[in-house]
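Trainee: File model-v1.txt follows (compact mmCIF, C-alpha atoms and all ligand atoms):
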```txt
# COMPACT_ATOMS: atom_id res chain seq x y z
CA MET O 212 -15.36 -9.26 -21.40
CA GLU O 213 -14.86 -8.88 -25.10
CA ASN O 214 -14.14 -5.66 -26.97
CA GLU O 215 -13.68 -4.59 -30.56
CA THR O 216 -10.90 -2.31 -31.67
CA THR O 217 -9.35 -1.30 -34.95
CA ALA O 218 -5.89 -2.61 -35.74
CA ILE O 219 -3.61 -1.71 -38.66
CA CYS O 220 -1.78 -4.39 -40.65
CA ARG O 221 1.99 -3.90 -40.35
CA GLN O 222 2.46 -5.14 -43.92
CA CYS O 223 -0.24 -3.50 -46.06
CA GLY O 224 -1.75 -0.91 -43.71
CA LEU O 225 -5.29 -2.31 -43.85
CA LYS O 226 -7.48 -1.20 -40.99
CA HIS O 227 -9.36 -4.13 -39.56
CA GLY O 228 -11.70 -4.77 -36.66
CA VAL O 229 -10.24 -7.20 -34.12
CA ARG O 230 -11.54 -8.58 -30.84
CA LEU O 231 -9.71 -8.35 -27.58
CA TYR O 232 -10.48 -9.32 -24.00
CA GLU O 233 -10.24 -7.16 -20.90
CA ARG O 234 -10.85 -10.26 -18.80
CA ILE O 235 -10.31 -13.90 -19.66
CA ASN O 236 -12.22 -16.18 -17.31
CA VAL O 237 -11.65 -19.75 -18.46
CA ARG O 238 -14.41 -21.17 -16.28
CA GLU O 239 -16.97 -18.94 -18.01
CA ALA O 240 -15.34 -19.36 -21.42
CA PRO O 241 -13.27 -22.59 -21.42
CA GLU O 242 -12.50 -22.29 -25.14
CA LEU O 243 -10.35 -19.25 -24.38
CA LYS O 244 -7.79 -21.38 -22.54
CA SER O 245 -6.68 -23.15 -25.72
CA GLU O 246 -6.70 -19.81 -27.55
CA VAL O 247 -4.30 -18.46 -24.94
CA LEU O 248 -2.14 -21.59 -25.03
CA ASP O 249 -1.70 -21.55 -28.81
CA GLY O 250 -1.39 -17.76 -28.88
CA ARG O 251 -4.42 -17.20 -31.14
CA LEU O 252 -5.81 -14.59 -28.74
CA PHE O 253 -2.82 -12.37 -29.40
CA VAL O 254 -2.50 -12.45 -33.18
CA TRP O 255 -4.77 -11.53 -36.07
CA GLU O 256 -4.44 -12.46 -39.70
CA CYS O 257 -4.85 -9.69 -42.24
CA PRO O 258 -7.69 -10.64 -44.63
CA GLN O 259 -6.06 -8.60 -47.41
CA CYS O 260 -2.45 -9.86 -47.42
CA GLY O 261 -2.43 -12.79 -44.99
CA THR O 262 0.18 -11.28 -42.66
CA LEU O 263 0.02 -12.37 -39.05
CA ASN O 264 0.00 -9.33 -36.80
CA LEU O 265 0.60 -9.27 -33.07
CA LEU O 266 -2.20 -7.93 -30.94
CA ARG O 267 -0.98 -6.27 -27.75
CA TYR O 268 -3.45 -5.57 -24.96
CA LYS O 269 -3.70 -5.66 -21.20
CA THR O 270 -5.85 -8.36 -19.73
CA LEU O 271 -6.49 -10.40 -16.60
CA TYR O 272 -6.35 -14.15 -17.10
CA HIS O 273 -8.38 -15.92 -14.42
CA ASP O 274 -8.73 -19.67 -13.91
CA PRO O 275 -10.93 -20.06 -10.80
CA ASP O 276 -10.57 -23.86 -10.80
CA ALA O 277 -6.77 -23.72 -10.84
CA ARG O 278 -6.88 -20.71 -8.47
CA LEU O 279 -4.68 -18.78 -10.83
CA MET O 280 -4.71 -15.12 -11.84
CA VAL O 281 -2.19 -13.63 -14.24
CA TRP O 282 -2.26 -9.95 -15.10
CA LEU O 283 -0.81 -9.09 -18.50
CA THR O 284 0.20 -5.45 -17.98
CA LEU O 285 2.46 -4.66 -20.97
CA GLY O 286 4.81 -3.23 -18.34
CA ASP O 287 2.37 -0.48 -17.26
CA GLU O 288 3.90 0.39 -13.87
CA ALA O 289 0.96 2.51 -12.70
CA LEU O 290 -1.39 -0.40 -13.37
CA GLU O 291 0.95 -2.85 -11.62
CA ALA O 292 1.09 -0.65 -8.51
CA GLN O 293 -2.71 -0.45 -8.54
CA ILE O 294 -3.03 -4.24 -8.86
CA GLN O 295 -0.57 -4.87 -6.03
CA ALA O 296 -2.27 -2.36 -3.73
CA GLY O 297 -5.69 -3.85 -4.47
CA SER O 298 -4.73 -7.48 -3.94
CA ALA O 299 -3.48 -6.82 -0.41
CA HIS O 300 -7.08 -6.52 0.77
CA LEU O 301 -8.58 -9.44 -1.10
CA GLU O 302 -8.79 -12.26 1.42
CA ASP O 303 -10.81 -14.39 -0.96
CA LEU O 304 -7.63 -14.70 -3.02
CA ASP O 305 -6.18 -16.96 -0.31
CA GLY O 306 -4.63 -20.00 -1.91
CA TYR O 307 -4.38 -18.25 -5.26
CA THR O 308 -1.26 -18.01 -7.36
CA LEU O 309 -1.05 -14.39 -8.51
CA ARG O 310 1.34 -13.24 -11.18
CA LEU O 311 2.20 -10.18 -13.24
CA VAL O 312 3.58 -10.57 -16.75
CA ARG O 313 4.71 -8.00 -19.30
CA GLU O 314 4.02 -9.59 -22.67
CA SER O 315 1.53 -12.07 -24.08
CA GLY O 316 4.35 -14.60 -24.58
CA ASP O 317 4.96 -14.49 -20.83
CA LEU O 318 1.28 -15.08 -20.12
CA ILE O 319 1.21 -18.05 -22.50
CA GLU O 320 4.25 -19.49 -20.74
CA LYS O 321 2.71 -19.11 -17.27
CA VAL O 322 -0.51 -20.82 -18.33
CA LYS O 323 1.51 -23.67 -19.90
CA ILE O 324 3.51 -24.14 -16.70
CA PHE O 325 0.47 -24.21 -14.41
CA GLU O 326 -1.55 -26.37 -16.82
CA ALA O 327 1.31 -28.87 -16.63
CA GLY O 328 1.02 -28.84 -12.84
CA LEU O 329 4.49 -27.35 -12.44
CA ASP O 330 5.82 -24.62 -10.19
CA ASP O 331 6.90 -21.50 -12.06
CA ILE O 332 9.59 -20.56 -9.53
CA ALA O 333 11.20 -23.99 -9.91
CA ILE O 334 10.98 -23.59 -13.70
CA GLU O 335 12.76 -20.22 -13.47
CA MET O 336 15.46 -21.97 -11.48
CA CYS O 337 15.72 -24.72 -14.14
CA LYS O 338 16.20 -22.06 -16.80
CA TYR O 339 18.92 -20.39 -14.76
CA VAL O 340 20.79 -23.66 -14.18
CA THR O 341 20.42 -24.74 -17.83
CA ALA O 342 21.58 -21.40 -19.28
CA ARG O 343 24.64 -21.51 -17.01
CA GLU O 344 25.47 -25.10 -17.88
CA MET O 345 25.23 -24.29 -21.58
CA GLY O 346 27.29 -21.12 -21.17
CA LEU O 347 24.52 -19.05 -22.73
CA GLY O 348 24.80 -16.07 -20.39
CA GLU O 349 21.86 -13.68 -20.42
CA VAL O 350 19.28 -15.44 -22.52
CA SER O 351 15.50 -15.37 -22.40
CA MET O 352 14.41 -18.98 -22.00
CA LYS O 353 10.83 -20.11 -22.03
CA PHE O 354 9.11 -23.26 -20.83
CA LEU O 355 7.65 -24.99 -23.88
CA LYS O 356 6.35 -28.39 -22.77
CA ILE O 357 6.77 -31.45 -20.62
CA ASP O 358 6.30 -34.82 -22.25
CA GLY O 359 7.60 -38.30 -22.88
CA ALA O 360 7.81 -41.31 -20.59
CA ASP O 361 10.45 -39.58 -18.49
CA SER O 362 8.59 -36.24 -18.29
CA GLU O 363 11.33 -34.36 -20.07
CA ILE O 364 11.02 -30.61 -19.99
CA THR O 365 11.64 -28.63 -23.16
CA LEU O 366 12.86 -25.04 -22.92
CA SER O 367 13.19 -22.70 -25.88
CA TYR O 368 15.55 -19.78 -26.37
CA PRO O 369 16.60 -17.49 -29.21
CA SER O 370 20.02 -17.90 -30.78
CA ASN O 371 21.22 -16.12 -33.95
CA GLY O 372 17.67 -15.13 -34.80
CA GLN O 373 16.41 -18.72 -34.56
CA MET O 374 14.40 -20.45 -31.87
CA GLN O 375 16.43 -23.26 -30.31
CA MET O 376 15.18 -25.95 -27.97
CA VAL O 377 16.85 -27.82 -25.17
CA GLU O 378 15.50 -30.79 -23.24
CA ILE O 379 16.21 -31.18 -19.56
CA GLY O 380 15.54 -34.13 -17.32
CA PHE O 381 12.73 -34.07 -14.78
CA ASN O 382 15.38 -34.63 -12.09
CA THR O 383 16.65 -31.09 -12.69
CA TYR O 384 13.15 -29.82 -11.94
CA GLU O 385 12.94 -32.00 -8.83
CA ASP O 386 16.31 -30.72 -7.64
CA CYS O 387 15.04 -27.15 -8.02
CA CYS O 388 11.87 -28.00 -6.08
CA GLY O 389 14.13 -29.42 -3.34
CA ILE O 390 16.10 -26.17 -3.17
CA LEU O 391 12.82 -24.25 -2.83
CA LEU O 392 11.68 -26.53 0.00
CA ARG O 393 14.92 -25.93 1.87
CA ASN O 394 14.65 -22.18 1.29
CA PRO O 395 11.02 -21.34 2.08
CA SER O 396 11.71 -17.60 2.11
CA ILE O 397 11.84 -17.61 -1.70
CA LYS O 398 8.26 -18.83 -2.07
CA GLU O 399 7.09 -16.55 0.72
CA LYS O 400 8.28 -13.61 -1.37
CA ALA O 401 5.94 -14.70 -4.16
CA THR O 402 2.74 -13.63 -2.41
CA GLY O 403 0.43 -11.04 -3.92
CA PHE O 404 0.80 -10.20 -7.59
CA VAL O 405 4.48 -10.82 -8.34
CA ARG O 406 6.40 -10.92 -11.59
CA VAL O 407 8.27 -14.20 -11.27
CA ASP O 408 10.97 -14.12 -13.92
CA SER O 409 14.76 -14.42 -14.21
CA GLN O 410 15.24 -10.95 -12.78
CA TRP O 411 13.05 -11.74 -9.77
CA LEU O 412 14.89 -14.99 -9.14
CA SER O 413 18.33 -13.39 -9.44
CA ALA O 414 17.72 -11.50 -6.17
CA PHE O 415 17.88 -14.86 -4.35
CA LEU O 416 20.87 -16.25 -6.21
CA ALA O 417 23.33 -13.45 -5.55
ZN ZN P 1 -2.27 -6.78 -44.58
```
Could you quickly redo this structure as structure tokens?
Mentor:
Amino acid sequence: MENETTAICRQCGLKHGVRLYERINVREAPELKSEVLDGRLFVWECPQCGTLNLLRYKTLYHDPDARLMVWLTLGDEALEAQIQAGSAHLEDLDGYTLRLVRESGDLIEKVKIFEAGLDDIAIEMCKYVTAREMGLGEVSMKFLKIDGADSEITLSYPSNGQMQMVEIGFNTYEDCCGILLRNPSIKEKATGFVRVDSQWLSAFLA
């Protein structure tokens, strides 16, 4: 479902028509998956001054083939309560991974993780372990990519206003998957629409 709205350029104030999506179904519109992955769906370029502006909107990302639904809520708690209440009765969502995210960057990250065939809870655990090992404290890390012959995982994080990257070995990820296997209650908690992030994970690490 595509909509038009008017956005205002943060640099020059130009009012411009932009498209946004209330629903993103990547089986019906496969081209939207790459537009989510590279972030194009959430920015617009001002035709007058060339500034890239962020486009914030709520949307439901649905990949029926991957059995994945991610609700981008912008932190709207009333909407999140409504989503969680509704999903309790949807038996046809069996086998689905259901997630809530606050910002478009979080949605992009989730899609990257699941496209790579990885488990987002294990990735959250990798971030936690890596931030601790590096002595970074409270830092917002994001999964960026997995590549190379050894399937190295790259995480990004902000430091002094710059984006930094750190590579971790695939064995770290496997270790985290092992911890999850030995502690099945963590995954059981991730049923229904859940926001799986560092805060969510911290409840199990106390
Ligand atoms: Zn402009």
Trainee: How far is it from atom CA of Glu363 of chain O to atom CA of Ala333 of chain O, in Å with one decimal?
Mentor: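 Answer for the atom CA of Glu363 of chain O to atom CA of Ala333 of chain O separation: 14.5 Å.
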Trainee: Mind giving me the straight-line distance from atom CA of Gly348 of chain O to atom CA of Tyr368 of chain O in Å, one decimal?
Mentor: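 According to the coordinates, atom CA of Gly348 of chain O and atom CA of Tyr368 of chain O are separated by 11.6 Å.
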Trainee: Write out as a list in words each polymer residue whose atoms come within 10 Å of Lys356 of chain O, counting only C-alpha atoms; drop sequence neighbours fewer than 5 positions from it.
Mentor: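 Neighbouring residues, sequence-local ones excluded: Glu320, Lys323, Ile324, Ala327, Ser362, Glu363, Ile364, Thr365, Leu366, Ser367 and Glu378 of chain O.
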Trainee: Counting only C-alpha atoms and all ligand atoms, give me one row per residue of chain O with an atom at most 9 Å from an atom of ligand ZN 1 (chain P), showing the shortest contact pair and its distance in Å to one decimal, sorted by chain then residue number, as CSV.
Mentor:
```
residue,atom,partner,partner_atom,distance
O:Ile219,CA,P:ZN1,ZN,7.9
O:Cys220,CA,P:ZN1,ZN,4.6
O:Arg221,CA,P:ZN1,ZN,6.7
O:Gln222,CA,P:ZN1,ZN,5.0
O:Cys223,CA,P:ZN1,ZN,4.1
O:Gly224,CA,P:ZN1,ZN,6.0
O:Leu225,CA,P:ZN1,ZN,5.4
O:Lys226,CA,P:ZN1,ZN,8.4
O:Glu256,CA,P:ZN1,ZN,7.8
O:Cys257,CA,P:ZN1,ZN,4.5
O:Pro258,CA,P:ZN1,ZN,6.7
O:Gln259,CA,P:ZN1,ZN,5.1
O:Cys260,CA,P:ZN1,ZN,4.2
O:Gly261,CA,P:ZN1,ZN,6.0
O:Thr262,CA,P:ZN1,ZN,5.5
O:Leu263,CA,P:ZN1,ZN,8.2
O:Asn264,CA,P:ZN1,ZN,8.5
```
Trainee: Would you list the contacts of Glu326 of chain O as an MDAnalysis selection string, taking every protein, DNA or RNA residue within 12 Å and counting all atoms listed in the file, but skipping same-chain residues closer than 2 positions in sequence?
Mentor: chainID O and resid 244:245 247:248 274 276:279 319:324 328:331 354:357
Trainee: Excluding Val254 of chain O and any residue of its chain fewer than 3 positions from it, enumerate the residues within 9 Å of it, using all atoms listed in the file, and give them as an MDAnalysis selection string.
Mentor: chainID O and resid 250:251 263:267
Trainee: For segment 313-317 of chain O, list every protein, DNA or RNA residue within 6 Å, evaluated using only C-alpha atoms, and leave out those in the same chain fewer than 5 positions away; present the list as a ChimeraX atom specification.
Mentor: /O:283-286
Trainee: In Å, with one decimal, what is the gap from atom CA of Val312 of chain O to atom CA of Arg406 of chain O?
Mentor: 5.9 Å
Trainee: Show me, as a ChimeraX atom specification, the residues that have an atom within 9 Å of Glu291 of chain O when counting all atoms listed in the file, minus same-chain residues fewer than 4 positions from it.
Mentor: /O:282,284,286-287,295-296,311,404
Trainee: When distances are computed from all atoms listed in the file, which of O:His227, O:Arg310, O:Lys400, O:His273 shows the smallest separation from Glu239 of chain O?
Mentor: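 The shortest atom-to-atom distance to Glu239 of chain O comes from O:His273.
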Trainee: Pick the closest to Asp305 of chain O from O:Leu318, O:Glu349, O:Thr402, O:Leu271: which is it, counting only C-alpha atoms?
Mentor: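 Distance minimum relative to Asp305 of chain O lands on O:Thr402.
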Trainee: Output segment 280-291 of chain O as a compact mmCIF listing (two decimals), keeping the file's coordinate frame, making sure all heavy atoms are there.
Mentor:
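Once everything was written out, this is rebuild-v9.txt:
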```txt
# COMPACT_ATOMS: atom_id res chain seq x y z
N MET O 280 -4.44 -16.39 -11.17
CA MET O 280 -4.71 -15.12 -11.84
C MET O 280 -3.39 -14.57 -12.37
O MET O 280 -2.40 -14.48 -11.63
CB MET O 280 -5.27 -14.08 -10.86
CG MET O 280 -6.76 -14.16 -10.66
SD MET O 280 -7.30 -12.65 -9.81
CE MET O 280 -8.92 -13.21 -9.28
N VAL O 281 -3.38 -14.23 -13.64
CA VAL O 281 -2.19 -13.63 -14.24
C VAL O 281 -2.60 -12.34 -14.93
O VAL O 281 -3.44 -12.34 -15.83
CB VAL O 281 -1.52 -14.58 -15.27
CG1 VAL O 281 -0.21 -13.97 -15.77
CG2 VAL O 281 -1.27 -15.96 -14.68
N TRP O 282 -2.00 -11.25 -14.49
CA TRP O 282 -2.26 -9.95 -15.10
C TRP O 282 -1.22 -9.68 -16.18
O TRP O 282 -0.02 -9.63 -15.89
CB TRP O 282 -2.15 -8.84 -14.05
CG TRP O 282 -3.45 -8.25 -13.63
CD1 TRP O 282 -4.06 -8.43 -12.43
CD2 TRP O 282 -4.29 -7.35 -14.39
NE1 TRP O 282 -5.24 -7.72 -12.40
CE2 TRP O 282 -5.41 -7.04 -13.58
CE3 TRP O 282 -4.21 -6.79 -15.67
CZ2 TRP O 282 -6.43 -6.19 -13.99
CZ3 TRP O 282 -5.23 -5.95 -16.09
CH2 TRP O 282 -6.32 -5.66 -15.26
N LEU O 283 -1.68 -9.50 -17.39
CA LEU O 283 -0.81 -9.09 -18.50
C LEU O 283 -0.87 -7.56 -18.56
O LEU O 283 -1.91 -6.99 -18.90
CB LEU O 283 -1.31 -9.72 -19.80
CG LEU O 283 -0.73 -9.22 -21.13
CD1 LEU O 283 0.79 -9.35 -21.16
CD2 LEU O 283 -1.36 -9.97 -22.29
N THR O 284 0.23 -6.91 -18.18
CA THR O 284 0.20 -5.45 -17.98
C THR O 284 0.90 -4.66 -19.08
O THR O 284 0.85 -3.43 -19.07
CB THR O 284 0.88 -5.07 -16.65
OG1 THR O 284 2.27 -5.39 -16.75
CG2 THR O 284 0.25 -5.82 -15.48
N LEU O 285 1.62 -5.33 -19.97
CA LEU O 285 2.46 -4.66 -20.97
C LEU O 285 3.47 -3.72 -20.30
O LEU O 285 3.90 -2.73 -20.90
CB LEU O 285 1.61 -3.89 -21.99
CG LEU O 285 0.56 -4.69 -22.77
CD1 LEU O 285 -0.17 -3.79 -23.77
CD2 LEU O 285 1.17 -5.88 -23.51
N GLY O 286 3.81 -4.03 -19.04
CA GLY O 286 4.81 -3.23 -18.34
C GLY O 286 4.29 -1.89 -17.82
O GLY O 286 5.09 -1.03 -17.44
N ASP O 287 2.98 -1.72 -17.77
CA ASP O 287 2.37 -0.48 -17.26
C ASP O 287 2.56 -0.43 -15.74
O ASP O 287 1.86 -1.10 -14.99
CB ASP O 287 0.88 -0.48 -17.62
CG ASP O 287 0.15 0.78 -17.17
OD1 ASP O 287 0.62 1.45 -16.22
OD2 ASP O 287 -0.91 1.08 -17.76
N GLU O 288 3.53 0.39 -15.30
CA GLU O 288 3.90 0.39 -13.87
C GLU O 288 2.80 0.95 -12.98
O GLU O 288 2.63 0.51 -11.84
CB GLU O 288 5.22 1.14 -13.67
CG GLU O 288 6.40 0.33 -14.18
CD GLU O 288 7.72 1.07 -14.10
OE1 GLU O 288 7.77 2.15 -13.48
OE2 GLU O 288 8.69 0.56 -14.68
N ALA O 289 2.06 1.93 -13.49
CA ALA O 289 0.96 2.51 -12.70
C ALA O 289 -0.10 1.43 -12.46
O ALA O 289 -0.62 1.28 -11.35
CB ALA O 289 0.36 3.71 -13.42
N LEU O 290 -0.41 0.68 -13.50
CA LEU O 290 -1.39 -0.40 -13.37
C LEU O 290 -0.90 -1.47 -12.41
O LEU O 290 -1.64 -1.96 -11.56
CB LEU O 290 -1.69 -1.01 -14.75
CG LEU O 290 -2.59 -2.25 -14.76
CD1 LEU O 290 -3.99 -1.91 -14.25
CD2 LEU O 290 -2.69 -2.86 -16.16
N GLU O 291 0.39 -1.81 -12.49
CA GLU O 291 0.95 -2.85 -11.62
C GLU O 291 0.88 -2.42 -10.16
O GLU O 291 0.56 -3.23 -9.28
CB GLU O 291 2.39 -3.17 -12.04
CG GLU O 291 2.43 -3.88 -13.39
CD GLU O 291 3.83 -4.27 -13.84
OE1 GLU O 291 4.81 -3.96 -13.12
OE2 GLU O 291 3.94 -4.91 -14.90
```
